[in-house]
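Have a look at the structure below before the remarks.
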Number of protein chains: 2
Amino acid sequence: MFVRITTDSTLRPNTLRDLGMASHSNALVSLSEFSYRKGSEIYGEKEPAEYVYQVKSGAVRSYKLLSDGRRQIGAFHLVGDIFGLENGSEHRFTTEAIVDTTVRLIKRQSLENVAESDAMVARNLLSMTTNNLQHAEDHMLLLGRKTSLERVAAFLLEMDKRLTAAGVMALPMSRRDIADYLGLTLETVSRALSRLHEFGVLGFIGNTQRQIVLLDRDQLASLDLQP
Amino acid sequence: MFVRITTDSTLRPNTLRDLGMASHSNALVSLSEFSYRKGSEIYGEKEPAEYVYQVKSGAVRSYKLLSDGRRQIGAFHLVGDIFGLENGSEHRFTTEAIVDTTVRLIKRQSLENVAESDAMVARNLLSMTTNNLQHAEDHMLLLGRKTSLERVAAFLLEMDKRLTAAGVMALPMSRRDIADYLGLTLETVSRALSRLHEFGVLGFIGNTQRQIVLLDRDQLASLDLQP
DNA sequence: CGAGCCATTGAAAGAAGTCAATACAAGTGG
DNA sequence: CCACTTGTATTGACTTCTTTCAATGGCTCG
């Protein structure tokens, strides 16, 4: 299901700096790259967490399932994002490539070894975990208390911040993915987007329905209402 | 609004061990106790995070508000629980005493100082944050994808694990608190509890409506359906 | 170019929310 | 200690929002 692209190598400043590795660190960390085709699984819930991942290109969804198939996506991982960092030994989500995706991977064990001696790395591991926690906390508020329109507005603002290039937001994920992220059905998401389109808050570009331009971020923000 | 009970003192093995402090640590950490009356605020969202707290007696809710007053409770903190541990400098929730509550408090700065030199403490800070993250991740699934009955069943099982003594669960929080934790209204929570009562899954004890006996944990677990 | 996926839209059903009445418990003050 | 007020919980009737079911059309990709 995946294709190995490069071989193991030693420390690459760019990646390790993202994990908080001081550039003077003398540790060797094994690095490789893998590519996953659209829809394929990167790892499953409950699997041993052997690697930590960074998205080099593409996009990833991580989710939990109930026994009857209901799905909750906890996060989308876009280019540059690190995911799969668990403290325990098991992954707590299943992750899949949303589109064709290439990731860098780092052996978890080697990262822990470095963290043991390098307080800076340890602090950054904590800081990354805290960022994930903060995202989850905000998402609980959205899932527990916001209306469908508010959820979709919040989603658009989040994606706008994370992946807008040249004023256009090219969403990699389907309406179903968005719905499972927001705790809605895909129909409700579609209706909310249509309403926002009617309101003149956003426009669709070209032939696809996944290229969106935000025309009125202020109105969108007022629909979201964070405080 | 609060009453100072004891004065600062030096290291107390019991509390610090909970934070992962090795008992041989020679650091001095200032400790005190405070009591909060039912309903009073311990700290507010966006306030500087000066202290970390541990519940000595009582119970605490931590929540976020939307501008129009909708409330999402992210967690309940019961006896022994540590809360208020932020990585950034600000609290991300408001916390209030649900009933009269006494907490121990530790200066955040002193904890960070210790973590800097003691890898064991640093690891346990990370582990506590990871536990919070895991709870939030599970709660996202509940809020995004579970029905009202499933949510209430999950809540009862969680509380059963955390505070049942002598077979009876004495809930400190109101129906409204439960509702705001589960993303429901208090009426829906009340109806779900009534249904579970009809089903013979639980019984109410005495005159109050907050003492609950679980009569059929298996049936409750089948209503929850985690996998 | 055709099969299958994806998105939109409409109509109907359903789950939870809102409004309201009642009852009970707990706290207050005479 | 009792009357009264206030807060909390339950229950019913009705409304609303979201879901479900269904039909249609547009893309995409073999």
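Letters for chains follow the order of the structure tokens (A, B, ...), residue numbers begin at 1 for each chain, and ligand numbers begin at 1 in the order shown.
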
For this session: Could you give me the residues within segment 44-221 of chain A that DSSP places in strand (DSSP E), as JSON, numbers by chain?
Result: {"A": [51, 52, 53, 54, 55, 56, 57, 60, 61, 62, 63, 64, 65, 71, 72, 73, 74, 75, 76, 77, 82, 83, 94, 95, 96, 97, 101, 102, 103, 104, 105, 106, 107, 164, 165, 168, 169, 170, 202, 203, 204, 211, 212, 213, 214]}

After a least-squares superposition on chain B over all sequentially paired C-alpha atoms, what is chain A as an mmCIF file with C-alpha atoms, in the first residue's frame?
```cif
data_model
loop_
_atom_site.group_PDB
_atom_site.id
_atom_site.type_symbol
_atom_site.label_atom_id
_atom_site.label_comp_id
_atom_site.auth_asym_id
_atom_site.auth_seq_id
_atom_site.Cartn_x
_atom_site.Cartn_y
_atom_site.Cartn_z
ATOM 1 C CA MET A 1 -14.320 34.588 48.130
ATOM 2 C CA PHE A 2 -11.767 32.145 49.456
ATOM 3 C CA VAL A 3 -10.239 31.422 52.798
ATOM 4 C CA ARG A 4 -6.609 30.790 53.370
ATOM 5 C CA ILE A 5 -6.239 27.726 55.519
ATOM 6 C CA THR A 6 -2.595 26.954 55.926
ATOM 7 C CA THR A 7 0.602 28.835 55.384
ATOM 8 C CA ASP A 8 3.366 28.124 52.933
ATOM 9 C CA SER A 9 5.615 25.255 53.807
ATOM 10 C CA THR A 10 8.304 23.198 52.209
ATOM 11 C CA LEU A 11 8.116 20.003 50.255
ATOM 12 C CA ARG A 12 5.386 17.532 51.154
ATOM 13 C CA PRO A 13 6.172 14.090 49.785
ATOM 14 C CA ASN A 14 2.593 13.164 49.163
ATOM 15 C CA THR A 15 1.735 15.976 46.828
ATOM 16 C CA LEU A 16 4.972 16.164 44.999
ATOM 17 C CA ARG A 17 5.103 12.494 44.339
ATOM 18 C CA ASP A 18 1.837 12.908 42.513
ATOM 19 C CA LEU A 19 3.552 15.369 40.241
ATOM 20 C CA GLY A 20 6.341 12.938 39.633
ATOM 21 C CA MET A 21 8.814 14.513 41.951
ATOM 22 C CA ALA A 22 11.441 12.020 43.000
ATOM 23 C CA SER A 23 11.466 11.817 46.756
ATOM 24 C CA HIS A 24 15.171 12.471 46.889
ATOM 25 C CA SER A 25 14.718 15.792 45.136
ATOM 26 C CA ASN A 26 16.199 18.535 47.191
ATOM 27 C CA ALA A 27 14.208 21.376 45.680
ATOM 28 C CA LEU A 28 11.943 23.475 47.826
ATOM 29 C CA VAL A 29 8.486 24.017 46.454
ATOM 30 C CA SER A 30 6.124 26.428 48.089
ATOM 31 C CA LEU A 31 2.833 24.785 48.988
ATOM 32 C CA SER A 32 -0.362 26.168 50.376
ATOM 33 C CA GLU A 33 -3.986 25.267 50.704
ATOM 34 C CA PHE A 34 -7.051 27.273 49.861
ATOM 35 C CA SER A 35 -10.709 26.663 50.254
ATOM 36 C CA TYR A 36 -13.386 27.786 47.862
ATOM 37 C CA ARG A 37 -17.051 27.966 48.582
ATOM 38 C CA LYS A 38 -19.557 26.204 46.377
ATOM 39 C CA GLY A 39 -19.922 28.079 43.116
ATOM 40 C CA SER A 40 -16.923 30.353 43.495
ATOM 41 C CA GLU A 41 -14.342 30.794 40.765
ATOM 42 C CA ILE A 42 -10.847 29.406 41.229
ATOM 43 C CA TYR A 43 -9.398 31.032 38.138
ATOM 44 C CA GLY A 44 -10.713 32.461 34.896
ATOM 45 C CA GLU A 45 -9.915 31.763 31.271
ATOM 46 C CA LYS A 46 -7.082 33.973 29.989
ATOM 47 C CA GLU A 47 -5.795 34.657 33.483
ATOM 48 C CA PRO A 48 -2.068 34.143 33.959
ATOM 49 C CA ALA A 49 -1.407 30.594 35.110
ATOM 50 C CA GLU A 50 0.479 31.165 38.297
ATOM 51 C CA TYR A 51 -0.427 27.999 40.159
ATOM 52 C CA VAL A 52 -1.110 24.347 39.611
ATOM 53 C CA TYR A 53 -3.855 22.834 41.758
ATOM 54 C CA GLN A 54 -4.716 19.525 43.336
ATOM 55 C CA VAL A 55 -8.155 18.786 44.735
ATOM 56 C CA LYS A 56 -7.864 17.847 48.392
ATOM 57 C CA SER A 57 -11.603 17.689 49.007
ATOM 58 C CA GLY A 58 -14.640 18.662 46.978
ATOM 59 C CA ALA A 59 -15.022 18.860 43.203
ATOM 60 C CA VAL A 60 -14.230 21.323 40.436
ATOM 61 C CA ARG A 61 -15.592 22.002 36.948
ATOM 62 C CA SER A 62 -13.559 23.590 34.191
ATOM 63 C CA TYR A 63 -15.337 25.133 31.252
ATOM 64 C CA LYS A 64 -15.342 27.492 28.301
ATOM 65 C CA LEU A 65 -18.109 29.937 27.419
ATOM 66 C CA LEU A 66 -19.375 31.307 24.126
ATOM 67 C CA SER A 67 -20.241 34.992 24.071
ATOM 68 C CA ASP A 68 -23.951 34.267 24.402
ATOM 69 C CA GLY A 69 -23.483 32.137 27.494
ATOM 70 C CA ARG A 70 -23.466 28.641 26.068
ATOM 71 C CA ARG A 71 -21.116 26.629 28.231
ATOM 72 C CA GLN A 72 -18.991 23.570 27.580
ATOM 73 C CA ILE A 73 -17.497 21.813 30.565
ATOM 74 C CA GLY A 74 -14.294 20.107 29.503
ATOM 75 C CA ALA A 75 -13.635 18.139 32.659
ATOM 76 C CA PHE A 76 -14.583 17.502 36.247
ATOM 77 C CA HIS A 77 -11.762 17.383 38.765
ATOM 78 C CA LEU A 78 -12.338 15.132 41.757
ATOM 79 C CA VAL A 79 -10.359 14.407 44.896
ATOM 80 C CA GLY A 80 -6.732 13.784 44.053
ATOM 81 C CA ASP A 81 -6.904 15.257 40.561
ATOM 82 C CA ILE A 82 -4.407 17.847 39.452
ATOM 83 C CA PHE A 83 -5.644 20.684 37.259
ATOM 84 C CA GLY A 84 -4.616 24.107 36.015
ATOM 85 C CA LEU A 85 -1.418 22.767 34.528
ATOM 86 C CA GLU A 86 -0.852 24.885 31.442
ATOM 87 C CA ASN A 87 2.152 24.970 29.243
ATOM 88 C CA GLY A 88 1.547 28.469 28.006
ATOM 89 C CA SER A 89 1.263 31.246 30.510
ATOM 90 C CA GLU A 90 -2.520 31.550 30.432
ATOM 91 C CA HIS A 91 -5.329 29.348 31.708
ATOM 92 C CA ARG A 92 -7.472 28.013 28.896
ATOM 93 C CA PHE A 93 -10.513 27.248 31.042
ATOM 94 C CA THR A 94 -12.439 28.874 33.825
ATOM 95 C CA THR A 95 -12.670 26.692 36.915
ATOM 96 C CA GLU A 96 -15.200 26.789 39.724
ATOM 97 C CA ALA A 97 -15.794 24.832 42.882
ATOM 98 C CA ILE A 98 -18.878 22.646 42.397
ATOM 99 C CA VAL A 99 -19.215 22.141 46.136
ATOM 100 C CA ASP A 100 -17.126 23.543 48.981
ATOM 101 C CA THR A 101 -13.639 22.586 47.940
ATOM 102 C CA THR A 102 -10.127 22.648 49.310
ATOM 103 C CA VAL A 103 -7.142 22.591 46.988
ATOM 104 C CA ARG A 104 -3.421 22.397 47.399
ATOM 105 C CA LEU A 105 -1.514 24.743 45.204
ATOM 106 C CA ILE A 106 1.969 24.759 43.833
ATOM 107 C CA LYS A 107 3.696 27.667 42.173
ATOM 108 C CA ARG A 108 3.975 26.909 38.500
ATOM 109 C CA GLN A 109 7.349 28.558 38.257
ATOM 110 C CA SER A 110 8.868 26.421 40.955
ATOM 111 C CA LEU A 111 7.564 23.322 39.241
ATOM 112 C CA GLU A 112 9.154 24.381 35.977
ATOM 113 C CA ASN A 113 12.425 25.019 37.705
ATOM 114 C CA VAL A 114 12.470 21.496 39.043
ATOM 115 C CA ALA A 115 11.442 20.023 35.692
ATOM 116 C CA GLU A 116 14.365 21.755 34.060
ATOM 117 C CA SER A 117 16.872 19.720 35.995
ATOM 118 C CA ASP A 118 14.908 16.602 36.856
ATOM 119 C CA ALA A 119 14.076 14.535 33.766
ATOM 120 C CA MET A 120 11.743 12.369 35.804
ATOM 121 C CA VAL A 121 9.580 15.330 36.738
ATOM 122 C CA ALA A 122 9.646 16.572 33.157
ATOM 123 C CA ARG A 123 8.479 13.171 31.936
ATOM 124 C CA ASN A 124 5.618 13.153 34.381
ATOM 125 C CA LEU A 125 4.500 16.610 33.360
ATOM 126 C CA LEU A 126 4.341 15.325 29.788
ATOM 127 C CA SER A 127 2.498 12.234 30.912
ATOM 128 C CA MET A 128 -0.106 14.281 32.764
ATOM 129 C CA THR A 129 -0.646 16.480 29.734
ATOM 130 C CA THR A 130 -1.015 13.362 27.600
ATOM 131 C CA ASN A 131 -3.664 12.026 29.960
ATOM 132 C CA ASN A 132 -5.604 15.255 29.596
ATOM 133 C CA LEU A 133 -5.230 15.025 25.836
ATOM 134 C CA GLN A 134 -6.503 11.467 25.799
ATOM 135 C CA HIS A 135 -9.548 12.446 27.827
ATOM 136 C CA ALA A 136 -10.270 15.314 25.443
ATOM 137 C CA GLU A 137 -9.905 13.031 22.423
ATOM 138 C CA ASP A 138 -12.371 10.533 23.827
ATOM 139 C CA HIS A 139 -14.718 13.350 24.720
ATOM 140 C CA MET A 140 -14.639 14.672 21.146
ATOM 141 C CA LEU A 141 -15.948 11.308 19.971
ATOM 142 C CA LEU A 142 -18.707 11.458 22.557
ATOM 143 C CA LEU A 143 -19.698 15.027 21.698
ATOM 144 C CA GLY A 144 -19.505 14.580 17.957
ATOM 145 C CA ARG A 145 -21.065 11.188 17.473
ATOM 146 C CA LYS A 146 -22.940 9.727 20.438
ATOM 147 C CA THR A 147 -26.648 9.885 21.193
ATOM 148 C CA SER A 148 -27.974 11.355 24.419
ATOM 149 C CA LEU A 149 -28.450 7.945 26.006
ATOM 150 C CA GLU A 150 -24.951 6.869 25.030
ATOM 151 C CA ARG A 151 -23.504 10.066 26.464
ATOM 152 C CA VAL A 152 -25.242 9.682 29.794
ATOM 153 C CA ALA A 153 -24.227 6.016 29.967
ATOM 154 C CA ALA A 154 -20.615 6.983 29.281
ATOM 155 C CA PHE A 155 -20.791 9.684 31.934
ATOM 156 C CA LEU A 156 -22.100 7.281 34.551
ATOM 157 C CA LEU A 157 -19.405 4.750 33.773
ATOM 158 C CA GLU A 158 -16.725 7.415 34.002
ATOM 159 C CA MET A 159 -17.988 8.672 37.352
ATOM 160 C CA ASP A 160 -18.454 5.131 38.591
ATOM 161 C CA LYS A 161 -14.787 4.472 37.966
ATOM 162 C CA ARG A 162 -13.727 7.723 39.594
ATOM 163 C CA LEU A 163 -15.887 8.200 42.651
ATOM 164 C CA THR A 164 -17.909 5.206 43.657
ATOM 165 C CA ALA A 165 -17.602 4.345 47.330
ATOM 166 C CA ALA A 166 -19.454 1.431 48.903
ATOM 167 C CA GLY A 167 -21.364 0.802 45.701
ATOM 168 C CA VAL A 168 -22.978 4.219 45.743
ATOM 169 C CA MET A 169 -22.027 7.060 43.458
ATOM 170 C CA ALA A 170 -22.549 10.461 45.088
ATOM 171 C CA LEU A 171 -22.487 12.955 42.264
ATOM 172 C CA PRO A 172 -21.380 16.410 43.337
ATOM 173 C CA MET A 173 -22.618 18.107 40.173
ATOM 174 C CA SER A 174 -26.089 19.201 39.094
ATOM 175 C CA ARG A 175 -28.014 18.035 36.020
ATOM 176 C CA ARG A 176 -27.042 21.281 34.344
ATOM 177 C CA ASP A 177 -23.355 20.578 34.920
ATOM 178 C CA ILE A 178 -23.753 17.091 33.511
ATOM 179 C CA ALA A 179 -25.616 18.518 30.521
ATOM 180 C CA ASP A 180 -22.907 21.080 29.825
ATOM 181 C CA TYR A 181 -20.301 18.345 30.074
ATOM 182 C CA LEU A 182 -22.172 16.114 27.623
ATOM 183 C CA GLY A 183 -23.288 18.789 25.171
ATOM 184 C CA LEU A 184 -26.973 18.325 26.027
ATOM 185 C CA THR A 185 -29.679 20.183 27.927
ATOM 186 C CA LEU A 186 -30.481 19.356 31.519
ATOM 187 C CA GLU A 187 -33.918 18.092 30.492
ATOM 188 C CA THR A 188 -32.402 15.603 28.077
ATOM 189 C CA VAL A 189 -30.041 14.364 30.794
ATOM 190 C CA SER A 190 -32.931 13.981 33.205
ATOM 191 C CA ARG A 191 -34.972 12.043 30.648
ATOM 192 C CA ALA A 192 -32.038 9.755 29.898
ATOM 193 C CA LEU A 193 -31.545 9.034 33.602
ATOM 194 C CA SER A 194 -35.257 8.301 33.966
ATOM 195 C CA ARG A 195 -35.093 5.882 31.068
ATOM 196 C CA LEU A 196 -32.072 4.132 32.554
ATOM 197 C CA HIS A 197 -33.994 3.910 35.816
ATOM 198 C CA GLU A 198 -36.982 2.334 34.008
ATOM 199 C CA PHE A 199 -34.631 -0.115 32.293
ATOM 200 C CA GLY A 200 -33.417 -1.210 35.724
ATOM 201 C CA VAL A 201 -29.871 -0.134 34.974
ATOM 202 C CA LEU A 202 -29.623 2.198 37.946
ATOM 203 C CA GLY A 203 -31.355 3.123 41.161
ATOM 204 C CA PHE A 204 -31.604 6.318 43.167
ATOM 205 C CA ILE A 205 -30.737 6.227 46.845
ATOM 206 C CA GLY A 206 -32.412 8.119 49.624
ATOM 207 C CA ASN A 207 -34.056 11.460 49.150
ATOM 208 C CA THR A 208 -31.528 13.207 46.944
ATOM 209 C CA GLN A 209 -31.386 12.644 43.186
ATOM 210 C CA ARG A 210 -27.611 12.645 43.130
ATOM 211 C CA GLN A 211 -26.938 9.342 44.830
ATOM 212 C CA ILE A 212 -26.955 6.627 42.250
ATOM 213 C CA VAL A 213 -26.373 2.885 42.358
ATOM 214 C CA LEU A 214 -25.420 1.153 39.166
ATOM 215 C CA LEU A 215 -27.347 -2.105 38.977
ATOM 216 C CA ASP A 216 -26.213 -3.337 35.600
ATOM 217 C CA ARG A 217 -22.838 -2.090 34.457
ATOM 218 C CA ASP A 218 -22.776 -4.495 31.524
ATOM 219 C CA GLN A 219 -25.959 -3.104 30.059
ATOM 220 C CA LEU A 220 -24.604 0.373 30.630
ATOM 221 C CA ALA A 221 -21.392 -0.517 28.862
ATOM 222 C CA SER A 222 -23.343 -1.919 25.940
ATOM 223 C CA LEU A 223 -25.181 1.392 25.695
ATOM 224 C CA ASP A 224 -21.908 3.265 25.659
ATOM 225 C CA LEU A 225 -20.100 1.265 22.951
ATOM 226 C CA GLN A 226 -16.572 2.575 22.855
ATOM 227 C CA PRO A 227 -14.804 0.486 20.190
#
```

Interface, chain D side, toward chain B (8 Å; only C-alpha atoms (C1' of nucleotides)) as a PDB file with N, CA, C and O atoms (P, O5', C5', C4', C3', O3' and C1' of nucleotides), in the first residue's frame:
```
ATOM      1  P    DT D   8     -29.062  25.247  41.849  1.00  0.00           P
ATOM      2  O5'  DT D   8     -29.889  23.906  41.691  1.00  0.00           O
ATOM      3  C5'  DT D   8     -29.978  23.019  42.799  1.00  0.00           C
ATOM      4  C4'  DT D   8     -30.941  21.912  42.450  1.00  0.00           C
ATOM      5  C3'  DT D   8     -30.715  21.307  41.063  1.00  0.00           C
ATOM      6  O3'  DT D   8     -30.416  19.941  41.251  1.00  0.00           O
ATOM      7  C1'  DT D   8     -33.011  21.732  41.472  1.00  0.00           C
ATOM      8  P    DA D   9     -30.152  18.975  40.040  1.00  0.00           P
ATOM      9  O5'  DA D   9     -31.574  18.305  39.804  1.00  0.00           O
ATOM     10  C5'  DA D   9     -32.110  17.471  40.821  1.00  0.00           C
ATOM     11  C4'  DA D   9     -33.452  16.927  40.370  1.00  0.00           C
ATOM     12  C3'  DA D   9     -33.436  16.252  38.993  1.00  0.00           C
ATOM     13  O3'  DA D   9     -33.937  14.934  39.165  1.00  0.00           O
ATOM     14  C1'  DA D   9     -35.215  17.832  39.149  1.00  0.00           C
ATOM     15  P    DT D  10     -34.053  13.926  37.957  1.00  0.00           P
ATOM     16  O5'  DT D  10     -35.591  14.056  37.565  1.00  0.00           O
ATOM     17  C5'  DT D  10     -36.572  13.839  38.577  1.00  0.00           C
ATOM     18  C4'  DT D  10     -37.949  14.088  38.014  1.00  0.00           C
ATOM     19  C3'  DT D  10     -38.252  13.378  36.689  1.00  0.00           C
ATOM     20  O3'  DT D  10     -39.429  12.616  36.890  1.00  0.00           O
ATOM     21  C1'  DT D  10     -38.893  15.646  36.588  1.00  0.00           C
TER      22       DT D  10
END
```

Seminar exercise, completed: One residue among C:DC6, C:DA21, C:DA26, C:DA16 is nearest to chain B when using only C-alpha atoms (C1' of nucleotides), and that residue is C:DA16

For this session: Mind giving me the straight-line distance from atom C1' of DA11 of chain C to atom C1' of DA13 of chain D in Å, one decimal?
Result: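 Going from atom C1' of DA11 of chain C over to atom C1' of DA13 of chain D, I get 24.9 Å.
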
Problem set entry | Interface, chain C side, toward chain B (10 Å; only C-alpha atoms (C1' of nucleotides)) as a count of residues only | 6

Exercise. Can you list every residue in segment 80-159 of chain A that DSSP puts in helix (DSSP H, G or I), as number ranges by chain?
Worked result: A: 108-117, 119-145, 148-159

Exercise. At what distance in Å, to one decimal, does atom C1' of DC1 of chain D lie from atom C1' of DG29 of chain C?
Worked result: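 Atom-to-atom, atom C1' of DG29 of chain C and atom C1' of DC1 of chain D are spaced 11.6 Å apart.
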
Exercise. Do you have the atom C1' of DC21 of chain D-atom C1' of DG14 of chain C distance handy?
Worked result: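 Atom C1' of DG14 of chain C lies at a distance of 12.4 Å from atom C1' of DC21 of chain D.
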